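Structure file protein-v4.txt; described as compact mmCIF, C-alpha atoms.
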```txt
# COMPACT_ATOMS: atom_id res chain seq x y z
CA MET A 30 193.07 168.41 110.75
CA ARG A 31 193.93 166.45 107.58
CA VAL A 32 190.39 165.00 107.51
CA LYS A 33 188.94 168.50 107.69
CA ILE A 34 191.18 169.72 104.87
CA LEU A 35 190.07 166.85 102.60
CA PHE A 36 186.44 167.33 103.52
CA VAL A 37 186.27 170.96 102.34
CA PRO A 38 187.02 170.19 98.64
CA LEU A 39 184.55 167.31 98.82
CA LEU A 40 181.81 169.67 99.98
CA ALA A 41 182.71 172.11 97.22
CA SER A 42 182.45 169.37 94.59
CA VAL A 43 179.06 168.27 95.86
CA ALA A 44 177.84 171.86 95.85
CA LEU A 45 179.06 172.28 92.27
CA LEU A 46 177.25 169.14 91.17
CA VAL A 47 174.04 170.25 92.83
CA GLY A 48 174.32 173.63 91.21
CA CYS A 49 174.73 172.03 87.77
CA THR A 50 171.84 169.62 88.21
CA PRO A 51 168.70 170.97 86.58
CA GLY A 52 165.79 171.59 88.87
CA ASP A 53 162.43 171.14 87.26
CA PRO A 54 162.47 169.11 84.03
CA THR A 55 162.10 171.08 80.80
CA VAL A 56 158.52 170.94 79.61
CA THR A 57 157.99 170.83 75.84
CA PRO A 58 155.12 173.16 74.95
CA SER A 59 152.15 171.64 73.18
CA PRO A 60 151.91 172.43 69.47
CA VAL A 61 149.84 175.51 68.76
CA SER A 62 146.68 174.92 66.74
CA ASN A 63 146.47 176.64 63.35
CA GLY A 64 142.68 176.97 63.78
CA VAL A 65 141.51 174.91 60.80
CA GLU A 66 139.67 172.46 63.04
CA ASP A 67 137.22 175.29 63.73
CA GLN A 68 136.60 175.94 60.03
CA SER A 69 133.94 174.43 57.79
CA ALA A 70 134.83 171.44 55.61
CA ASP A 71 135.13 173.65 52.53
CA GLN A 72 137.30 176.19 54.36
CA ILE A 73 139.62 173.46 55.65
CA LEU A 74 140.36 172.27 52.13
CA GLN A 75 140.79 175.83 50.89
CA SER A 76 143.34 176.37 53.67
CA ALA A 77 145.13 173.16 52.70
CA VAL A 78 145.29 174.15 49.03
CA ALA A 79 146.71 177.57 49.93
CA ALA A 80 149.32 175.96 52.20
CA MET A 81 150.39 173.48 49.51
CA LYS A 82 150.79 176.29 46.98
CA GLY A 83 152.77 178.30 49.50
CA THR A 84 155.36 175.67 50.39
CA SER A 85 158.73 175.78 48.65
CA SER A 86 158.81 172.01 48.19
CA PHE A 87 157.06 168.78 49.15
CA ARG A 88 157.01 165.09 48.29
CA GLN A 89 154.02 163.17 46.93
CA SER A 90 154.08 159.35 47.00
CA GLY A 91 151.41 156.74 46.43
CA ILE A 92 148.79 155.85 43.83
CA VAL A 93 146.92 158.64 42.06
CA GLN A 94 143.88 158.29 39.83
CA ALA A 95 144.22 159.81 36.35
CA GLY A 96 140.86 159.22 34.71
CA PRO A 97 140.50 155.42 34.39
CA LEU A 98 144.23 154.93 34.97
CA SER A 99 145.96 154.30 38.30
CA VAL A 100 149.45 155.77 38.35
CA THR A 101 152.06 155.13 41.03
CA VAL A 102 154.11 158.23 41.79
CA ASP A 103 157.03 159.26 43.96
CA LEU A 104 157.62 162.91 43.08
CA VAL A 105 159.23 165.96 44.63
CA PHE A 106 157.76 169.34 43.73
CA ALA A 107 159.81 172.53 44.04
CA GLY A 108 158.12 175.53 42.47
CA ASP A 109 157.66 174.86 38.74
CA ASN A 110 160.12 171.96 38.84
CA VAL A 111 159.47 168.28 39.56
CA GLN A 112 161.58 165.14 39.83
CA GLY A 113 160.97 161.50 40.71
CA THR A 114 159.27 158.47 39.19
CA GLY A 115 155.90 157.59 37.76
CA THR A 116 154.62 154.14 36.81
CA ALA A 117 151.83 153.69 34.26
CA TYR A 118 150.86 150.79 31.96
CA GLY A 119 153.33 148.68 33.93
CA VAL A 120 156.24 150.88 32.84
CA GLN A 121 158.24 152.98 35.31
CA ALA A 122 159.58 156.29 34.08
CA ARG A 123 162.16 158.53 35.67
CA LEU A 124 160.98 162.12 35.39
CA VAL A 125 162.51 165.57 35.64
CA LYS A 126 160.54 168.70 34.81
CA VAL A 127 162.31 172.05 34.63
CA GLY A 128 159.93 174.86 33.73
CA PRO A 129 157.90 173.79 30.67
CA ASP A 130 160.33 171.05 29.64
CA LEU A 131 159.90 167.44 30.70
CA TYR A 132 162.72 164.88 30.68
CA VAL A 133 161.76 161.20 30.67
CA ASN A 134 163.88 158.06 30.93
CA ALA A 135 161.81 154.92 30.29
CA ASP A 136 161.36 151.87 28.12
CA ALA A 137 160.33 152.78 24.58
CA SER A 138 157.00 151.02 25.02
CA LEU A 139 155.85 154.05 26.99
CA PHE A 140 156.14 156.18 23.83
CA SER A 141 154.66 153.65 21.42
CA THR A 142 151.12 155.03 21.76
CA LEU A 143 152.35 158.51 20.88
CA LEU A 144 154.71 157.56 18.05
CA GLY A 145 153.15 154.43 16.56
CA ALA A 146 154.80 151.36 15.06
CA SER A 147 156.06 153.32 12.04
CA GLN A 148 158.54 155.07 14.32
CA GLN A 149 160.23 151.88 15.53
CA GLY A 150 163.68 153.27 14.73
CA THR A 151 163.04 156.28 16.92
CA LEU A 152 161.54 154.11 19.65
CA ASP A 153 164.67 151.98 19.72
CA LYS A 154 166.89 155.06 19.90
CA ILE A 155 165.06 156.68 22.82
CA SER A 156 164.56 153.54 24.89
CA ASN A 157 166.01 153.79 28.41
CA THR A 158 167.75 157.10 27.82
CA TRP A 159 166.85 160.68 28.68
CA VAL A 160 164.41 162.24 26.23
CA THR A 161 163.11 165.78 26.39
CA ALA A 162 159.89 167.28 25.07
CA PRO A 163 157.39 169.93 26.15
CA ALA A 164 155.54 168.68 29.23
CA ASP A 165 152.18 169.39 27.58
CA LEU A 166 153.03 166.92 24.80
CA VAL A 167 154.03 164.04 27.07
CA ALA A 168 151.35 164.55 29.74
CA PRO A 169 148.58 162.70 27.83
CA ILE A 170 150.63 159.49 27.63
CA LEU A 171 152.06 159.75 31.15
CA PRO A 172 149.32 161.46 33.17
CA VAL A 173 151.23 162.16 36.37
CA PRO A 174 150.96 165.44 38.28
CA LEU A 175 153.60 167.79 36.89
CA SER A 176 152.83 170.92 38.91
CA VAL A 177 151.45 171.92 42.29
CA ASP A 178 148.29 173.03 40.49
CA ASP A 179 147.92 169.49 39.11
CA VAL A 180 148.15 168.13 42.65
CA VAL A 181 145.51 170.41 44.18
CA SER A 182 143.23 171.18 41.21
CA ASP A 183 140.45 168.74 42.15
CA ILE A 184 140.61 169.05 45.92
CA GLY A 185 137.15 169.86 47.28
CA SER A 186 135.45 169.75 43.88
CA ALA A 187 133.27 166.70 44.67
CA THR A 188 130.63 168.19 46.95
CA PRO A 189 129.06 167.91 49.44
CA LEU A 190 131.99 167.78 51.86
CA THR A 191 131.82 166.20 55.31
CA LYS A 192 134.02 167.32 58.18
CA GLY A 193 135.43 164.59 60.41
CA ASP A 194 136.57 164.59 64.02
CA PRO A 195 140.02 165.74 65.14
CA GLY A 196 142.61 162.99 65.42
CA THR A 197 146.31 162.30 64.86
CA LEU A 198 148.40 160.98 62.00
CA ASN A 199 151.81 159.65 63.03
CA GLY A 200 151.62 161.86 66.11
CA THR A 201 150.58 165.02 64.23
CA PRO A 202 147.18 166.51 65.15
CA VAL A 203 144.90 166.46 62.09
CA ILE A 204 141.35 166.91 60.86
CA THR A 205 139.72 164.99 58.02
CA VAL A 206 137.33 166.02 55.26
CA THR A 207 135.50 163.49 53.08
CA ASP A 208 134.15 164.46 49.67
CA ALA A 209 131.14 163.11 47.80
CA GLY A 210 133.32 160.61 45.94
CA GLY A 211 134.60 159.06 49.15
CA THR A 212 138.05 160.63 49.09
CA VAL A 213 139.29 161.39 52.60
CA TYR A 214 141.64 164.37 52.95
CA THR A 215 143.80 164.57 56.08
CA VAL A 216 144.95 168.08 56.98
CA ALA A 217 147.39 169.17 59.71
CA THR A 218 145.88 171.26 62.50
CA VAL A 219 149.25 172.48 63.82
CA GLY A 220 151.82 174.54 61.96
CA GLU A 221 150.81 175.10 58.36
CA PRO A 222 147.58 173.31 57.36
CA TYR A 223 149.34 171.05 54.88
CA LEU A 224 147.56 168.20 53.20
CA LEU A 225 149.21 165.10 54.69
CA LYS A 226 147.28 162.25 53.08
CA THR A 227 144.45 161.41 50.71
CA GLU A 228 142.67 158.05 50.62
CA ASN A 229 140.03 156.50 48.42
CA GLY A 230 139.77 152.73 48.39
CA ASP A 231 143.11 151.30 47.29
CA HIS A 232 144.42 154.74 46.35
CA THR A 233 146.48 156.32 49.11
CA VAL A 234 148.79 159.28 48.61
CA VAL A 235 151.09 160.68 51.30
CA TYR A 236 152.53 164.21 51.34
CA SER A 237 155.73 164.91 53.29
CA ASP A 238 159.15 166.63 53.34
CA PHE A 239 157.71 170.14 53.28
CA ASN A 240 160.08 173.06 52.64
CA GLN A 241 163.17 170.91 52.20
CA SER A 242 166.13 172.28 50.26
CA VAL A 243 165.78 170.80 46.77
CA THR A 244 167.81 171.33 43.60
CA ILE A 245 166.25 170.05 40.38
CA GLU A 246 168.35 170.24 37.22
CA ALA A 247 167.84 169.06 33.66
CA PRO A 248 169.71 165.84 32.79
CA ALA A 249 172.64 166.39 30.46
CA GLY A 250 172.64 165.00 26.94
CA ALA A 251 168.88 164.40 26.64
CA ILE A 252 167.57 163.55 23.16
CA ASP A 253 165.14 166.11 21.72
CA LEU A 254 162.07 164.05 20.87
CA LEU A 255 160.58 166.64 18.52
CA ALA A 256 163.86 166.89 16.63
CA GLN A 257 163.87 163.13 16.20
CA LEU A 258 160.42 163.38 14.66
CA GLY A 259 161.42 166.30 12.44
CA LEU A 260 159.00 168.60 14.23
CA SER A 261 161.32 171.05 15.99
CA SER A 262 161.59 174.58 14.70
```
Would you put the structure from the file into structure tokens?
Amino acid sequence: MRVKILFVPLLASVALLVGCTPGDPTVTPSPVSNGVEDQSADQILQSAVAAMKGTSSFRQSGIVQAGPLSVTVDLVFAGDNVQGTGTAYGVQARLVKVGPDLYVNADASLFSTLLGASQQGTLDKISNTWVTAPADLVAPILPVPLSVDDVVSDIGSATPLTKGDPGTLNGTPVITVTDAGGTVYTVATVGEPYLLKTENGDHTVVYSDFNQSVTIEAPAGAIDLLAQLGLSS
């Protein structure tokens, strides 16, 4: 009788375990196509541009071509604001853009072309500290993308465009488009059709971290460059 009494709870425990054991394994659904692989090459890039303009934030990192100059960038874009680093002429600059105002922290040699040798006192004062000036003023001497429009403005402009075959990039289904200048654009074919990468020779730029929560604020205590030059109103 004692054996029977002990056996009943054992059966109940086994039944409970069986009941808690999942039956068929959970199947992860395949990502749903966004349809851009069925579009023309021009339409694919138009979709990518619209998606990039529609995202709340993204990161751009790699080497961009600015005229004859190659600039290394690692920037986060959030609306009209930008933060990160840009390296040009062998000088790395820390950058923050809030609305129309750009804040730069770099060696004074970066500003020497703009200010000239006669402003050596000012150059010494602003070296390796935060300086602020209108973005339009600084852009010619540090030609990094400072807005989403800067990032996408030339996409698809070098025609004709050639559509590639579907593939994957780090596990994400993608489609490629190559322009007349040899730049290869890689666009996601699931979720939003974000631009994920551009390549042309040694110049590769990667786009990531879409729609992340980003707060970009102006650095405190920045020196007003125009005031230093006696040009502020």
Subject >> Residues within 10 Å of Ser99 (chain A), only C-alpha atoms, excluding chain neighbours under 4 positions, as number ranges by chain >> reply: A: 92-95, 116-118, 172-173, 231-232
Take the residues from that selection and write them out as a compact mmCIF listing (two decimals), in the coordinates of the input, keeping C-alpha atoms.
```
# COMPACT_ATOMS: atom_id res chain seq x y z
CA ILE A 92 148.79 155.85 43.83
CA VAL A 93 146.92 158.64 42.06
CA GLN A 94 143.88 158.29 39.83
CA ALA A 95 144.22 159.81 36.35
CA THR A 116 154.62 154.14 36.81
CA ALA A 117 151.83 153.69 34.26
CA TYR A 118 150.86 150.79 31.96
CA PRO A 172 149.32 161.46 33.17
CA VAL A 173 151.23 162.16 36.37
CA ASP A 231 143.11 151.30 47.29
CA HIS A 232 144.42 154.74 46.35
```
Could you list, as a compact mmCIF listing (two decimals) with C-alpha atoms, in the coordinates of the input, every residue within 8 Å of Val111 (chain A), counting all atoms listed in the file and ignoring same-chain residues fewer than 2 positions away?
```txt
# COMPACT_ATOMS: atom_id res chain seq x y z
CA LEU A 104 157.62 162.91 43.08
CA VAL A 105 159.23 165.96 44.63
CA PHE A 106 157.76 169.34 43.73
CA ALA A 107 159.81 172.53 44.04
CA GLY A 108 158.12 175.53 42.47
CA ASP A 109 157.66 174.86 38.74
CA GLY A 113 160.97 161.50 40.71
CA LEU A 124 160.98 162.12 35.39
CA VAL A 125 162.51 165.57 35.64
CA LYS A 126 160.54 168.70 34.81
CA VAL A 127 162.31 172.05 34.63
CA LEU A 175 153.60 167.79 36.89
CA SER A 176 152.83 170.92 38.91
CA ILE A 245 166.25 170.05 40.38
```
Original post:
Quick one, how far is CA of Gly211 (chain A) from CA of Val78 (chain A)?
Top reply: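 Computed distance, CA of Gly211 (chain A) to CA of Val78 (chain A), equals 18.5 Å.
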**OP:** Between CA of Thr218 (chain A) and CA of Thr101 (chain A), measure the distance and give it in Å to one decimal.
**Re:** 27.6 Å
**OP:** Mind checking which residues fall within 7 Å of Ala137 (chain A), counting all atoms listed in the file, ignoring those fewer than 5 positions away in the same chain, and posting them as a ChimeraX atom specification?
**Re:** /A:152-153,155-157
**OP:** For CA of Val234 (chain A) and CA of Asn134 (chain A), determine how far apart the two atoms are, in Å to one decimal place.
**Re:**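 Separation between CA of Val234 (chain A) and CA of Asn134 (chain A): 23.3 Å.
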Original post:
From the set A:Ala162, A:Ile184, A:Ala80, A:Val235, which residue has the shortest atom-to-atom contact distance to Leu255 (chain A), counting only C-alpha atoms?
Top reply: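 Among the listed residues, the smallest separation from Leu255 (chain A) belongs to A:Ala162.
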Subject >> Given all atoms listed in the file as the counted atoms, nearest of A:Ala209, A:Ser86, A:Phe140, A:Val216 to Thr244 (chain A) >> reply: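 Checking each candidate against Thr244 (chain A), we get A:Ser86 as the closest.
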Subject >> Who sits within 7 Å of Gly115 (chain A), all atoms listed in the file, same chain under 6 positions skipped, as a PyMOL selection string >> reply: chain A and resi 100-103+121-123+173
Subject >> Which of A:Thr201, A:Gln89, A:Gln68, A:Asn63 sits closest to Thr233 (chain A) [using all atoms listed in the file] >> reply: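 Between A:Thr201, A:Gln89, A:Gln68, A:Asn63, the residue approaching Thr233 (chain A) most closely is A:Gln89.
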Subject >> Protein and nucleic acid residues near (156.5, 161.0, 52.4) (cut-off 7 Å, only C-alpha atoms) as a PyMOL selection string >> reply: chain A and resi 88-90+235-238
Original post:
Given the choices A:Pro163, A:Gly259, A:Pro60, A:Pro169, which gets closest to Leu139 (chain A) if the distance is worked out from all atoms listed in the file?
Top reply: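 Comparing A:Pro163, A:Gly259, A:Pro60, A:Pro169 against Leu139 (chain A), the winner is A:Pro169.
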Subject >> Nearest-residue call for Thr114 (chain A), choices A:Leu171, A:Ala249, A:Leu225, A:Ala164, using all atoms listed in the file >> reply: A:Leu171
**OP:** May I ask which of the residues A:Val120, A:Ala135, A:Ala77, A:Val213 is the closest one to Lys154 (chain A), counting only C-alpha atoms?
**Re:**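 With only C-alpha atoms as the atom set, the closest residue is A:Ala135.
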Reconstruct region 96-107 of chain A at the level of all heavy atoms, and format the result as a compact mmCIF listing (two decimals), keeping the file's coordinate frame.
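The result, stored in selection-v3.txt:
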```
# COMPACT_ATOMS: atom_id res chain seq x y z
N GLY A 96 141.95 159.76 35.51
CA GLY A 96 140.86 159.22 34.71
C GLY A 96 140.67 157.76 35.07
O GLY A 96 140.58 157.41 36.25
N PRO A 97 140.65 156.85 34.08
CA PRO A 97 140.50 155.42 34.39
C PRO A 97 141.81 154.75 34.79
O PRO A 97 141.83 153.56 35.11
CB PRO A 97 139.99 154.85 33.06
CG PRO A 97 140.60 155.73 32.02
CD PRO A 97 140.65 157.12 32.62
N LEU A 98 142.90 155.50 34.77
CA LEU A 98 144.23 154.93 34.97
C LEU A 98 144.74 155.19 36.38
O LEU A 98 144.65 156.31 36.90
CB LEU A 98 145.20 155.52 33.95
CG LEU A 98 146.62 154.96 33.92
CD1 LEU A 98 146.60 153.51 33.46
CD2 LEU A 98 147.49 155.81 32.98
N SER A 99 145.28 154.15 37.01
CA SER A 99 145.96 154.30 38.30
C SER A 99 147.46 154.44 38.05
O SER A 99 148.05 153.59 37.38
CB SER A 99 145.69 153.10 39.20
OG SER A 99 144.32 153.03 39.55
N VAL A 100 148.04 155.50 38.58
CA VAL A 100 149.45 155.77 38.35
C VAL A 100 150.17 155.84 39.69
O VAL A 100 149.73 156.55 40.60
CB VAL A 100 149.65 157.10 37.59
CG1 VAL A 100 151.12 157.35 37.32
CG2 VAL A 100 148.86 157.10 36.29
N THR A 101 151.26 155.09 39.81
CA THR A 101 152.06 155.13 41.03
C THR A 101 153.12 156.22 40.89
O THR A 101 153.83 156.26 39.89
CB THR A 101 152.75 153.78 41.27
OG1 THR A 101 151.76 152.75 41.38
CG2 THR A 101 153.56 153.80 42.56
N VAL A 102 153.19 157.09 41.88
CA VAL A 102 154.11 158.23 41.79
C VAL A 102 154.98 158.33 43.04
O VAL A 102 154.57 157.93 44.13
CB VAL A 102 153.36 159.56 41.58
CG1 VAL A 102 152.57 159.55 40.29
CG2 VAL A 102 152.45 159.87 42.77
N ASP A 103 156.15 158.85 42.86
CA ASP A 103 157.03 159.26 43.96
C ASP A 103 157.76 160.49 43.43
O ASP A 103 158.79 160.40 42.77
CB ASP A 103 158.01 158.16 44.33
CG ASP A 103 158.82 158.49 45.58
OD1 ASP A 103 158.61 159.59 46.15
OD2 ASP A 103 159.65 157.67 45.99
N LEU A 104 157.19 161.66 43.71
CA LEU A 104 157.62 162.91 43.08
C LEU A 104 157.93 163.96 44.12
O LEU A 104 157.28 164.04 45.17
CB LEU A 104 156.53 163.44 42.15
CG LEU A 104 156.09 162.52 41.00
CD1 LEU A 104 154.84 163.08 40.33
CD2 LEU A 104 157.22 162.38 39.98
N VAL A 105 158.92 164.79 43.81
CA VAL A 105 159.23 165.96 44.63
C VAL A 105 158.92 167.20 43.81
O VAL A 105 159.39 167.33 42.66
CB VAL A 105 160.71 165.96 45.05
CG1 VAL A 105 161.07 167.27 45.77
CG2 VAL A 105 161.01 164.77 45.96
N PHE A 106 158.14 168.10 44.39
CA PHE A 106 157.76 169.34 43.73
C PHE A 106 158.51 170.50 44.39
O PHE A 106 158.55 170.61 45.61
CB PHE A 106 156.25 169.59 43.89
CG PHE A 106 155.40 168.57 43.18
CD1 PHE A 106 155.16 167.33 43.76
CD2 PHE A 106 154.84 168.83 41.94
CE1 PHE A 106 154.39 166.37 43.11
CE2 PHE A 106 154.06 167.89 41.29
CZ PHE A 106 153.84 166.66 41.88
N ALA A 107 159.11 171.34 43.56
CA ALA A 107 159.81 172.53 44.04
C ALA A 107 159.52 173.66 43.07
O ALA A 107 160.16 173.77 42.02
CB ALA A 107 161.31 172.27 44.15
```
